Structures are given as C-alpha cells and as structure tokens.
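Enquirer: Before I ask anything, let me first share the structure, which is written out below as structure tokens.
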Amino acid sequence: MTSKNKVLDHASLTARNSTPVADGPEDSGFAIFSATQIGESNKRRVLQMLFDLGPTSRAELARLTGTKRTTITGIVQPLIEAGLLIEVDPNEKRGVGKPARPLWFSASAAPVCAVFLMPDKVETALISLTGGVSAHRQVPIAPGKRNRETYIDALVAGVDHALAQAPRQALGIGVAVGGMVDPADGSIVAMNLAPAMAGLGLRDLLEDRFALPTIVDHHPRALLLGERWFGAGRGMGNFAVIYADEVLGCAMYLDGKPFRGPHGSGGELGHTIVDLNGGTCTCGKRGCWETVATLGWLRDRAAEAGLPGAERLDSERLVDLSAQMPAAGALLSRYAHNIAIGIANLQTLLMPDNFIIYGDVRRGGEIMQQFLTREISGLAASLPGNPITVFLGQNEQTITLQGAAGLIVSKQLEIEY
C-alpha cells in the first residue's frame with residue numbers, strides 16, 4: 001500500500017473515529033464541547049495519525065487535519081515535554097532551507113506490558129509505542145503441568161519481570177489468549193489442551209495484583225491489532241487476518257474498528273459451512289470450512305496421495321515437494337483453493353480487500369501467497385478498481401505481543417477495541 005493511499009484511508013478512518021481537530025471553541029454563549037474536551041480529542045487524533053502514518057512533521061499534520069500549524073504545536077509541545085513524543089531526523093531533505101523534523105514516539109515513553117497465553121507457554125514483554133520489544137520472557141508449560149496454579153504463577157512472575165524493567169509506569173496490561181475469551185469481563189471461556197483455565201477471570205486477577213488497566217482478547221484479534229498499530233494494517237480502514245493452522249481463526253477490521261460480536265464471539269469463520277455433504281467438524285456440524293482447510297485435512301490427503309512424511313507435512317514442505325512431485329503440486333492447488341473458499345465468502349459478504357495470512361499457511365511463503373491470490377480473486381466478488389491483496393504475516397510471536405499492547409493503545413486513544 002502506498003503512502004498516498006494510507007493518507008486517504010486515514011482521512012476516512014479518523015473522520016469516523018474522532019472529532020476533527022479544531023482551533024478552539026467559538027466565542028458564544030453555548031458550546032457542546034468544552035475547551036478541555038476539544039483539546040483531549042485533538043490530542044488523541046494527532047497521536048492516532050502518527051500511529052497510522054509514521055514519523056510526520058507539524059506542517060504535514062496541519063495540512064492533513066486542515067488546521068493551523070500553531071494549533072498542532074500547541075497540541076504536541078506538551079507531549080514532547082512529557083517525554084511521549086520526540087523530534088527525529090528527517091529521512092531526506094526536500095527543497096532549500098532547513099528540513100522539517102518529523103515527530104515520533106519516544107522509545108522511553110510509558111510502555112505496555114503484553115502477555116501471550118497459550119496452552120504450551122506463557123510469554124510476557126514490554127512493548128514501546130514504537131513497537132519495540134524488551135524484557136521478553138517465555139515459560140514453557142508441559143502437558144502434565146497445565147493447571148491453573150502453574151499458569152498463574154508464570155503470568156504473575158512474567159508481568160513482575162517486565163514491569164520491573166519499565167522506564168515509566170506502564171499504560172496497562174494487554175493479554176492475548178490462545179482460546180475462547182469474553183472480552184467484556186476479561187475471562188477465559190475455553191482453552192483447548194488446558195481445560196483447567198476455563199472460567200478464569202484473568203482481567204480481575206491481573207488488575208487486583210498489579211493495579212493496572214487490563215484487557216483480554218483472543219489470539220487472532222491480537223494479530224489483527226498488532227498489524228493495525230504496528231504492521232501492514234496501519235492506515236487501512238478494512239482488512240482481515242486469517243489464521244490457518246490446526247484450527248482456523250479470523251479477525252476483521254471493518255470501517256475503522258475491530259469487529260467482535262456479542263461477548264467477542266464474532267469471527268468464527270472456520271465453522272461456516274462450505275460443503276453440505278462434507279465431513280463432521282469438531283463442533284458437531286458437517287462441512288465446516290475447518291474440515292477442509294487445516295493441517296489435519298492436508299496431512300490426511302497427503303497420506304492418501306502417498307507423499308513422504310505425510311504425518312508431519314506442512315505448507316512449507318508441501319511447496320518444496322510441489323516442485324518435484326506432480327501429486328504434491330495438485331494437493332497444493334487444492335489446499336489453496338479450499339482456504340480461498342472461506343476467504344472469498346468473507347470478502348464477498350463484507351468486502352475487506354486486504355488479507356493478512358498467519359499460521360501454517362504463512363510458512364508456504366510467496367508460492368502459497370500467489371496460489372491464494374489467484375484462487376481468491378477467481379472466487380470473490382471484488383469491486384472494480386479494488387484488487388484483492390494477500391499479505392504474508394510477520395513474525396507471529398512479535399506481532400501477537402504487539403497486538404496485545406494494541407489493546408491498551410486502542411483504549412488509551414478511546415477507539416472502539
């Protein structure tokens with residue numbers, strides 16, 4: 001996505017999410033908003049623009065918001081003095097005279113404590129507002145140790161470790177969980193391979209222990225927010241993250257905000273039916289997308305085709321084999337088609353034209369990306385002039401931790417999260 005497109009997307013995005021930057025309330029006997037409210041709204045919008053656009057000069061911020069440079073200076077100067085923003089060196093000099101110094105977040109500003117909770121591990125880290133990761137700690141959880149006490153001990157120790165290294169008091173604690181959660185009350189509904197965690201009020205536990213605001217959400221939505229604040233999703237008003245591995249997960253950013261559904265139940269795309277006569281899914285229904293587009297399906301079909309190492313086959317190995325064995329090439333095409341079916345249904349229904357791929361399918365690299373783009377474009381109903389774009393995700397561990405931090409960033413900017 002070009003810088004220009006990002007600016008265009010940002011203009012529509014901020015129009016939906018915040019009050020326009022104003023130079024001040026008119027001098028009248030009545031005002032809907034107080035000067036303080038307008039000032040806070042202006043500050044949030046400018047900070048959101050920096051997240052969306054990257055380092056940006058005062059003059060450019062003024063141009064994009066349609067306001068005066070003095071107004072922008074009045075907003076950002078206190079943030080510089082507070083250590084939240086800094087001036088950075090310009091990337092290039094344009095024209096004559098002294099080049100403008102863009103504003104950007106200070107790496108030493110208040111960070112967010114991020115937690116990534118999976119059945120087999122607990123990860124914690126500090127995430128700066130620039131996306132930097134520090135104080136990282138990972139504790140593996142063995143199958144025989146998956147009780148509440150083990151997870152809680154690892155969580156508390158990890159957060160303690162991170163907060164002890166924070167340059168300033170953290171803004172909050174964001175938690176990404178590899179399982180079903182209820183974001184409304186911050187509890188874990190269910191967690192495969194760790195049933196003892198079901199019903200745990202994680203938000204209350206961490207807020208009581210650390211006295212910091214805490215937000216809990218599930219793994220695909222953390223990937224989504226990681227991309228929104230720190231990755232390819234910056235400046236996009238509509239995009240989706242697809243997680244395709246042993247299970248299928250989806251998270252969507254629509255009209256400038258993440259879609260959640262009641263109690264965080266939205267995005268269960270893996271259990272939409274794509275084959276009325278298909279196999280039985282783990283949910284009890286027949287023909288769910290998850291039955292034909294996950295690693296289990298791939299390995300079963302690989303065994304039927306006599307491919308070597310079928311029981312351990314993944315997308316990376318399948319792509320390698322496809323250059324040597326026609327049967328592997330045929331399976332790769334079929335697998336990509338099956339994955340594309342669910343994505344095309346989503347695209348036709350809600351029209352996100354940008355898809356970011358995570359999980360095993362991401363390991364298929366550029367070849368898998370090309371297959372998916374071709375298959376989705378052939379099945380979906382995109383609008384003229386809006387081509388469908390498939391991105392490969394970044395480092396999943398890093399983007400998940402950044403996304404957990406993004407939960408708190410969204411809250412701080414008063415954007416629906």
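Identifiers for the structure tokens are assigned positionally: chains receive A, B, ... in sequence, residues are indexed from 1 per chain, and ligands are indexed from 1 in the order shown.
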Do you know which residues are at most 6 Å from Val175 (chain A) counting only C-alpha atoms, after dropping those on the same chain fewer than 5 positions away, and could you put them as a list in words?
Expert: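 Close residues of Val175 (chain A): Ala114, Val115, Phe116, Val216 and Ala404 of chain A.
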Enquirer: Based on DSSP run over this structure's backbone, return all residues of region 104-198 of chain A in alpha helix (DSSP H), as a PyMOL selection string.
Expert: chain A and resi 148-163
Enquirer: Taking the chain letters and numbering used in this document, name the residues of region 35-240 of chain A that DSSP puts in strand (DSSP E), as number ranges by chain.
Expert: A: 85-87, 103-105, 112-118, 121-127, 133-140, 173-177, 180-182, 187-190, 214-218, 239-240
Enquirer: Quick one: residues within 9 Å of region 224-240 of chain A, only C-alpha atoms counted, chain neighbours fewer than 2 positions away excluded, as a compact mmCIF listing (two decimals) with N, CA and C atoms, in the first residue's frame?
Expert:
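Ended up saving to part-v6.txt:
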# COMPACT_ATOMS: atom_id res chain seq x y z
N MET A 1 0.85 -1.20 0.00
CA MET A 1 0.00 0.00 0.00
C MET A 1 0.88 1.23 0.00
N ASN A 5 -2.10 6.26 -0.45
CA ASN A 5 -3.30 5.51 -0.12
C ASN A 5 -3.51 5.46 1.38
N LYS A 6 -2.43 5.36 2.12
CA LYS A 6 -2.56 5.34 3.57
C LYS A 6 -3.17 6.66 4.07
N VAL A 7 -2.73 7.77 3.49
CA VAL A 7 -3.28 9.06 3.90
C VAL A 7 -4.76 9.13 3.57
N LEU A 8 -5.13 8.65 2.39
CA LEU A 8 -6.53 8.67 2.01
C LEU A 8 -7.36 7.81 2.94
N ASP A 9 -6.85 6.60 3.25
CA ASP A 9 -7.56 5.74 4.17
C ASP A 9 -7.67 6.39 5.54
N HIS A 10 -6.59 7.05 5.94
CA HIS A 10 -6.59 7.66 7.27
C HIS A 10 -7.62 8.76 7.37
N ALA A 11 -7.78 9.54 6.29
CA ALA A 11 -8.74 10.64 6.34
C ALA A 11 -10.14 10.13 6.64
N SER A 12 -10.54 9.05 5.97
CA SER A 12 -11.87 8.50 6.23
C SER A 12 -11.93 7.81 7.57
N LEU A 13 -10.82 7.19 7.95
CA LEU A 13 -10.78 6.45 9.21
C LEU A 13 -10.96 7.40 10.40
N MET A 49 -2.92 9.67 14.20
CA MET A 49 -2.33 9.93 12.90
C MET A 49 -0.87 9.52 12.86
N PHE A 51 0.49 7.10 14.63
CA PHE A 51 0.49 5.64 14.53
C PHE A 51 0.22 5.20 13.09
N ASP A 52 -0.73 5.87 12.43
CA ASP A 52 -1.12 5.47 11.09
C ASP A 52 -0.08 5.80 10.04
N LEU A 53 0.56 6.96 10.17
CA LEU A 53 1.41 7.47 9.10
C LEU A 53 2.90 7.32 9.37
N GLY A 54 3.28 7.05 10.62
CA GLY A 54 4.69 7.04 10.96
C GLY A 54 5.16 8.46 11.26
N LEU A 129 5.81 2.31 22.43
CA LEU A 129 4.88 2.88 21.47
C LEU A 129 5.45 2.89 20.06
N THR A 130 6.73 2.60 19.91
CA THR A 130 7.33 2.42 18.58
C THR A 130 7.24 0.97 18.14
N GLY A 131 6.72 0.10 19.00
CA GLY A 131 6.62 -1.33 18.67
C GLY A 131 7.80 -2.14 19.14
N HIS A 219 -6.35 -14.71 20.46
CA HIS A 219 -5.13 -14.64 19.66
C HIS A 219 -5.33 -13.99 18.29
N PRO A 220 -6.29 -14.43 17.45
CA PRO A 220 -6.42 -13.78 16.13
C PRO A 220 -6.69 -12.29 16.20
N ARG A 221 -7.46 -11.84 17.21
CA ARG A 221 -7.72 -10.41 17.31
C ARG A 221 -6.47 -9.65 17.76
N ALA A 222 -5.60 -10.31 18.52
CA ALA A 222 -4.33 -9.66 18.85
C ALA A 222 -3.46 -9.53 17.60
N ILE A 242 -6.29 -13.83 8.73
CA ILE A 242 -6.70 -15.23 8.67
C ILE A 242 -5.60 -16.08 9.30
N CYS A 250 -10.18 -16.14 12.48
CA CYS A 250 -10.31 -14.94 11.66
C CYS A 250 -10.58 -13.75 12.57
N ALA A 251 -10.02 -12.62 12.21
CA ALA A 251 -10.33 -11.36 12.89
C ALA A 251 -10.44 -10.29 11.82
N MET A 252 -11.39 -9.37 11.99
CA MET A 252 -11.67 -8.38 10.95
C MET A 252 -11.63 -6.97 11.49
N TYR A 253 -11.04 -6.09 10.71
CA TYR A 253 -11.03 -4.65 11.00
C TYR A 253 -11.90 -4.00 9.94
N LEU A 254 -13.08 -3.55 10.33
CA LEU A 254 -14.09 -3.06 9.39
C LEU A 254 -14.50 -1.63 9.74
N ASP A 255 -14.48 -0.79 8.76
CA ASP A 255 -14.87 0.62 8.93
C ASP A 255 -14.14 1.27 10.10
N GLY A 256 -12.86 0.98 10.20
CA GLY A 256 -12.03 1.67 11.18
C GLY A 256 -12.08 1.13 12.59
N LYS A 257 -12.60 -0.09 12.79
CA LYS A 257 -12.61 -0.67 14.13
C LYS A 257 -12.69 -2.19 14.03
N PRO A 258 -12.17 -2.88 15.03
CA PRO A 258 -12.24 -4.34 15.00
C PRO A 258 -13.66 -4.83 15.24
N MET A 351 -16.55 -7.32 2.15
CA MET A 351 -15.69 -6.55 1.26
C MET A 351 -14.38 -6.04 1.86
N PRO A 352 -13.72 -6.76 2.75
CA PRO A 352 -12.34 -6.38 3.05
C PRO A 352 -11.46 -6.87 1.91
N ASP A 353 -10.70 -5.97 1.29
CA ASP A 353 -9.90 -6.36 0.13
C ASP A 353 -8.46 -6.74 0.48
N ASN A 354 -8.09 -6.59 1.74
CA ASN A 354 -6.73 -6.90 2.19
C ASN A 354 -6.78 -8.02 3.22
N PHE A 355 -6.01 -9.09 2.98
CA PHE A 355 -5.99 -10.24 3.87
C PHE A 355 -4.55 -10.53 4.28
N ILE A 356 -4.35 -10.67 5.59
CA ILE A 356 -3.03 -10.95 6.13
C ILE A 356 -3.05 -12.37 6.69
N ILE A 357 -2.14 -13.21 6.22
CA ILE A 357 -2.19 -14.64 6.49
C ILE A 357 -1.18 -15.02 7.58
N PHE A 391 -1.38 -10.55 1.96
CA PHE A 391 -0.08 -10.32 2.59
C PHE A 391 0.29 -11.54 3.42
N GLY A 393 1.93 -12.68 6.87
CA GLY A 393 2.14 -12.06 8.17
C GLY A 393 3.61 -11.97 8.54
N GLN A 394 3.87 -11.21 9.59
CA GLN A 394 5.23 -11.03 10.09
C GLN A 394 5.55 -12.13 11.11
N THR A 398 6.16 -11.90 17.71
CA THR A 398 6.30 -10.46 17.92
C THR A 398 5.00 -9.72 17.67
N ILE A 399 4.31 -10.03 16.56
CA ILE A 399 3.10 -9.28 16.23
C ILE A 399 1.98 -9.57 17.23
N THR A 400 1.97 -10.78 17.81
CA THR A 400 0.96 -11.08 18.83
C THR A 400 1.20 -10.26 20.09
N LEU A 401 2.44 -10.16 20.52
CA LEU A 401 2.76 -9.34 21.68
C LEU A 401 2.46 -7.87 21.39
N GLN A 402 2.79 -7.40 20.20
CA GLN A 402 2.47 -6.02 19.84
C GLN A 402 0.95 -5.82 19.79
N GLY A 403 0.23 -6.84 19.34
CA GLY A 403 -1.22 -6.74 19.31
C GLY A 403 -1.84 -6.72 20.68
N ALA A 404 -1.27 -7.49 21.61
CA ALA A 404 -1.74 -7.42 23.00
C ALA A 404 -1.56 -6.00 23.53
N ALA A 405 -0.42 -5.39 23.19
CA ALA A 405 -0.21 -3.99 23.57
C ALA A 405 -1.21 -3.08 22.86
N GLY A 406 -1.57 -3.44 21.61
CA GLY A 406 -2.52 -2.64 20.85
C GLY A 406 -3.88 -2.56 21.49
N LEU A 407 -4.25 -3.55 22.29
CA LEU A 407 -5.50 -3.48 23.04
C LEU A 407 -5.50 -2.26 23.96
N VAL A 409 -3.40 0.40 23.65
CA VAL A 409 -3.29 1.61 22.83
C VAL A 409 -4.66 2.05 22.36
N SER A 410 -5.48 1.11 21.90
CA SER A 410 -6.83 1.44 21.44
C SER A 410 -7.64 2.07 22.56
N TYR A 417 -12.44 -0.94 20.79
CA TYR A 417 -11.47 -2.03 20.71
C TYR A 417 -12.13 -3.36 20.97
Enquirer: Residues within 8 Å of Glu396 (chain A), please, as a list of chain:residue names. Count only C-alpha atoms; anything in the same chain fewer than 5 positions from it doesn't count.
Expert: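 The residues satisfying every condition are A:Leu223, A:Tyr358, A:Gly359.
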Enquirer: Hey, what's within 10 Å of Ala110 (chain A) if we count only C-alpha atoms and toss same-chain stuff fewer than 6 positions away? As a PDB file with N, CA and C atoms, in the first residue's frame, please?
Expert:
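Saved to out_23.pdb:
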ATOM      1  N   GLY A  83       7.716  13.744  27.431  1.00  0.00           N
ATOM      2  CA  GLY A  83       8.524  12.587  27.055  1.00  0.00           C
ATOM      3  C   GLY A  83       7.791  11.564  26.215  1.00  0.00           C
ATOM      4  N   LEU A  84       6.581  11.896  25.751  1.00  0.00           N
ATOM      5  CA  LEU A  84       5.843  10.949  24.915  1.00  0.00           C
ATOM      6  C   LEU A  84       6.307  11.005  23.469  1.00  0.00           C
ATOM      7  N   LEU A 126       7.634  -6.113  27.454  1.00  0.00           N
ATOM      8  CA  LEU A 126       7.273  -4.698  27.373  1.00  0.00           C
ATOM      9  C   LEU A 126       7.254  -4.303  25.905  1.00  0.00           C
ATOM     10  N   ILE A 127       6.222  -3.575  25.503  1.00  0.00           N
ATOM     11  CA  ILE A 127       6.120  -3.075  24.135  1.00  0.00           C
ATOM     12  C   ILE A 127       6.106  -1.553  24.188  1.00  0.00           C
ATOM     13  N   SER A 128       7.064  -0.946  23.524  1.00  0.00           N
ATOM     14  CA  SER A 128       7.094   0.519  23.469  1.00  0.00           C
ATOM     15  C   SER A 128       6.088   1.015  22.439  1.00  0.00           C
ATOM     16  N   LEU A 129       5.814   2.313  22.433  1.00  0.00           N
ATOM     17  CA  LEU A 129       4.879   2.877  21.465  1.00  0.00           C
ATOM     18  C   LEU A 129       5.449   2.894  20.056  1.00  0.00           C
ATOM     19  N   ALA A 166      10.428  -1.482  33.240  1.00  0.00           N
ATOM     20  CA  ALA A 166       9.760  -0.397  32.520  1.00  0.00           C
ATOM     21  C   ALA A 166      10.405   0.940  32.854  1.00  0.00           C
ATOM     22  N   PRO A 167      10.687   1.787  31.845  1.00  0.00           N
ATOM     23  CA  PRO A 167      11.284   3.101  32.122  1.00  0.00           C
ATOM     24  C   PRO A 167      10.324   4.039  32.839  1.00  0.00           C
ATOM     25  N   ARG A 168       9.028   3.817  32.674  1.00  0.00           N
ATOM     26  CA  ARG A 168       7.983   4.589  33.340  1.00  0.00           C
ATOM     27  C   ARG A 168       6.857   3.629  33.678  1.00  0.00           C
ATOM     28  N   GLN A 169       5.908   4.074  34.477  1.00  0.00           N
ATOM     29  CA  GLN A 169       4.772   3.205  34.788  1.00  0.00           C
ATOM     30  C   GLN A 169       4.059   2.809  33.507  1.00  0.00           C
ATOM     31  N   ALA A 170       3.802   1.524  33.378  1.00  0.00           N
ATOM     32  CA  ALA A 170       3.163   1.015  32.170  1.00  0.00           C
ATOM     33  C   ALA A 170       1.753   1.560  32.018  1.00  0.00           C
ATOM     34  N   LEU A 171       1.300   1.680  30.769  1.00  0.00           N
ATOM     35  CA  LEU A 171      -0.044   2.166  30.476  1.00  0.00           C
ATOM     36  C   LEU A 171      -1.106   1.141  30.835  1.00  0.00           C
ATOM     37  N   GLY A 172      -0.726  -0.122  30.851  1.00  0.00           N
ATOM     38  CA  GLY A 172      -1.681  -1.173  31.154  1.00  0.00           C
ATOM     39  C   GLY A 172      -1.116  -2.521  30.768  1.00  0.00           C
TER      40      GLY A 172
END
Enquirer: Hey, can you check how far CA of Leu155 (chain A) sits from CA of Gln138 (chain A)?
Expert: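 Computed distance, CA of Leu155 (chain A) to CA of Gln138 (chain A), equals 9.9 Å.
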Enquirer: Report, in Å to a single decimal, how far apart CA of Leu248 (chain A) and CA of His218 (chain A) are.
Expert: 12.9 Å
Enquirer: Pick out the residues sitting within 12 Å of Ile343 (chain A), and hand them over as a VMD selection string; count only C-alpha atoms, and ignore anything fewer than 3 positions along from it in its own chain.
Expert: chain A and resid 239 to 244 248 to 252 267 269 to 270 272 274 289 to 290 293 336 to 340 346 to 357 372 to 373 375 to 382 388 to 390
Enquirer: Please produce a file of those selected residues containing N, CA and C atoms, as a short mmCIF file (atom, residue, chain, number, x, y, z; two decimals), in the first residue's frame.
Expert:
data_model
loop_
_atom_site.label_atom_id
_atom_site.label_comp_id
_atom_site.auth_asym_id
_atom_site.auth_seq_id
_atom_site.Cartn_x
_atom_site.Cartn_y
_atom_site.Cartn_z
N PHE A 239 -9.54 -4.54 6.71
CA PHE A 239 -8.68 -5.68 6.39
C PHE A 239 -9.02 -6.83 7.33
N ALA A 240 -8.53 -8.01 7.00
CA ALA A 240 -8.80 -9.19 7.83
C ALA A 240 -7.53 -9.98 8.02
N VAL A 241 -7.41 -10.59 9.18
CA VAL A 241 -6.34 -11.54 9.48
C VAL A 241 -6.93 -12.94 9.46
N ILE A 242 -6.29 -13.83 8.73
CA ILE A 242 -6.70 -15.23 8.67
C ILE A 242 -5.60 -16.08 9.30
N TYR A 243 -5.98 -16.87 10.29
CA TYR A 243 -5.03 -17.78 10.94
C TYR A 243 -5.42 -19.21 10.53
N ALA A 244 -4.58 -19.84 9.73
CA ALA A 244 -4.88 -21.18 9.21
C ALA A 244 -3.77 -22.13 9.63
N LEU A 248 -8.78 -22.95 12.36
CA LEU A 248 -8.94 -21.74 11.57
C LEU A 248 -9.46 -20.62 12.45
N GLY A 249 -8.84 -19.46 12.34
CA GLY A 249 -9.31 -18.29 13.07
C GLY A 249 -9.35 -17.09 12.16
N CYS A 250 -10.18 -16.14 12.48
CA CYS A 250 -10.31 -14.94 11.66
C CYS A 250 -10.58 -13.75 12.57
N ALA A 251 -10.02 -12.62 12.21
CA ALA A 251 -10.33 -11.36 12.89
C ALA A 251 -10.44 -10.29 11.82
N MET A 252 -11.39 -9.37 11.99
CA MET A 252 -11.67 -8.38 10.95
C MET A 252 -11.63 -6.97 11.49
N GLY A 267 -16.24 -13.74 14.29
CA GLY A 267 -15.01 -14.18 13.63
C GLY A 267 -14.80 -15.68 13.60
N LEU A 269 -15.05 -17.94 11.63
CA LEU A 269 -15.21 -18.24 10.22
C LEU A 269 -14.96 -19.72 9.91
N GLY A 270 -14.14 -20.37 10.73
CA GLY A 270 -13.85 -21.78 10.49
C GLY A 270 -15.06 -22.67 10.58
N THR A 272 -18.15 -21.79 9.44
CA THR A 272 -19.13 -21.55 8.39
C THR A 272 -19.10 -22.76 7.45
N VAL A 274 -19.10 -24.88 4.14
CA VAL A 274 -18.70 -24.73 2.75
C VAL A 274 -19.02 -25.98 1.92
N TRP A 289 -15.79 -25.07 7.12
CA TRP A 289 -14.57 -24.69 6.41
C TRP A 289 -13.34 -25.33 7.08
N GLU A 290 -13.38 -25.45 8.38
CA GLU A 290 -12.25 -26.00 9.12
C GLU A 290 -11.97 -27.46 8.74
N ALA A 293 -9.63 -27.12 5.35
CA ALA A 293 -8.61 -26.08 5.16
C ALA A 293 -7.67 -25.96 6.35
N ALA A 336 -4.88 -24.64 -1.44
CA ALA A 336 -5.05 -23.20 -1.60
C ALA A 336 -6.49 -22.87 -1.98
N HIS A 337 -7.08 -23.69 -2.84
CA HIS A 337 -8.47 -23.47 -3.24
C HIS A 337 -9.41 -23.58 -2.04
N ASN A 338 -9.19 -24.59 -1.21
CA ASN A 338 -10.05 -24.78 -0.03
C ASN A 338 -9.93 -23.60 0.93
N ILE A 339 -8.72 -23.11 1.13
CA ILE A 339 -8.53 -21.95 2.01
C ILE A 339 -9.19 -20.73 1.40
N ALA A 340 -9.06 -20.60 0.08
CA ALA A 340 -9.62 -19.43 -0.62
C ALA A 340 -11.14 -19.39 -0.55
N LEU A 346 -16.01 -14.50 2.89
CA LEU A 346 -15.89 -13.33 3.76
C LEU A 346 -15.78 -12.05 2.94
N GLN A 347 -14.95 -12.10 1.90
CA GLN A 347 -14.74 -10.91 1.09
C GLN A 347 -16.03 -10.50 0.37
N THR A 348 -16.75 -11.48 -0.13
CA THR A 348 -18.00 -11.17 -0.84
C THR A 348 -19.04 -10.57 0.10
N LEU A 349 -19.06 -11.04 1.33
CA LEU A 349 -20.06 -10.57 2.29
C LEU A 349 -19.73 -9.19 2.85
N LEU A 350 -18.46 -8.97 3.25
CA LEU A 350 -18.10 -7.75 3.97
C LEU A 350 -17.11 -6.85 3.23
N MET A 351 -16.55 -7.32 2.15
CA MET A 351 -15.69 -6.55 1.26
C MET A 351 -14.38 -6.04 1.86
N PRO A 352 -13.72 -6.76 2.75
CA PRO A 352 -12.34 -6.38 3.05
C PRO A 352 -11.46 -6.87 1.91
N ASP A 353 -10.70 -5.97 1.29
CA ASP A 353 -9.90 -6.36 0.13
C ASP A 353 -8.46 -6.74 0.48
N ASN A 354 -8.09 -6.59 1.74
CA ASN A 354 -6.73 -6.90 2.19
C ASN A 354 -6.78 -8.02 3.22
N PHE A 355 -6.01 -9.09 2.98
CA PHE A 355 -5.99 -10.24 3.87
C PHE A 355 -4.55 -10.53 4.28
N ILE A 356 -4.35 -10.67 5.59
CA ILE A 356 -3.03 -10.95 6.13
C ILE A 356 -3.05 -12.37 6.69
N ILE A 357 -2.14 -13.21 6.22
CA ILE A 357 -2.19 -14.64 6.49
C ILE A 357 -1.18 -15.02 7.58
N LEU A 372 -2.96 -18.42 -3.33
CA LEU A 372 -4.13 -17.87 -2.64
C LEU A 372 -4.69 -16.66 -3.37
N THR A 373 -3.82 -15.75 -3.81
CA THR A 373 -4.29 -14.56 -4.51
C THR A 373 -5.07 -14.94 -5.76
N GLU A 375 -6.60 -17.86 -6.43
CA GLU A 375 -7.85 -18.56 -6.10
C GLU A 375 -8.90 -17.62 -5.53
N ILE A 376 -8.49 -16.74 -4.63
CA ILE A 376 -9.45 -15.80 -4.02
C ILE A 376 -10.01 -14.86 -5.08
N SER A 377 -9.14 -14.36 -5.95
CA SER A 377 -9.59 -13.44 -6.99
C SER A 377 -10.58 -14.11 -7.93
N GLY A 378 -10.42 -15.41 -8.15
CA GLY A 378 -11.33 -16.12 -9.02
C GLY A 378 -12.67 -16.42 -8.39
N LEU A 379 -12.71 -16.47 -7.05
CA LEU A 379 -13.94 -16.84 -6.35
C LEU A 379 -14.71 -15.66 -5.79
N ALA A 380 -14.01 -14.59 -5.43
CA ALA A 380 -14.64 -13.48 -4.71
C ALA A 380 -15.26 -12.48 -5.68
N ALA A 381 -16.03 -11.57 -5.12
CA ALA A 381 -16.71 -10.54 -5.91
C ALA A 381 -16.18 -9.18 -5.52
N SER A 382 -14.94 -8.90 -5.87
CA SER A 382 -14.35 -7.61 -5.50
C SER A 382 -14.91 -6.51 -6.39
N ILE A 388 -7.90 -7.52 -4.85
CA ILE A 388 -7.70 -8.24 -3.59
C ILE A 388 -6.21 -8.44 -3.37
N THR A 389 -5.74 -8.12 -2.18
CA THR A 389 -4.32 -8.24 -1.85
C THR A 389 -4.15 -9.22 -0.70
N VAL A 390 -3.24 -10.15 -0.86
CA VAL A 390 -2.92 -11.12 0.18
C VAL A 390 -1.51 -10.83 0.68
#
Enquirer: Skip Ala62 (chain A) itself and residues of its chain fewer than 3 positions away, then list as a list in words all residues within 12 Å of it, counting only C-alpha atoms.
Expert: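 So the residues in contact are Pro20, Val21, Ala22, Asp23, Asn42, Arg45, Val46, Met49, Thr56, Ser57, Arg58, Ala59, Thr65, Gly66, Thr67, Lys68, Arg69, Thr70, Thr71, Ile72, Thr73, Gly74, Ile75 and Val76 of chain A.
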Enquirer: Identify which of the residues A:Ser265, A:Thr124, A:Ser106, A:Ser187 lies closest to Val156 (chain A), counting only C-alpha atoms when measuring atom-to-atom distances.
Expert: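 Of A:Ser265, A:Thr124, A:Ser106, A:Ser187, the one nearest Val156 (chain A) is A:Thr124, counting only C-alpha atoms.
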Enquirer: Which of these residues is nearest to Ser322 (chain A), using only C-alpha atoms: A:Ala162, A:Leu295, A:Ala302, A:Met180?
Expert: A:Ala302
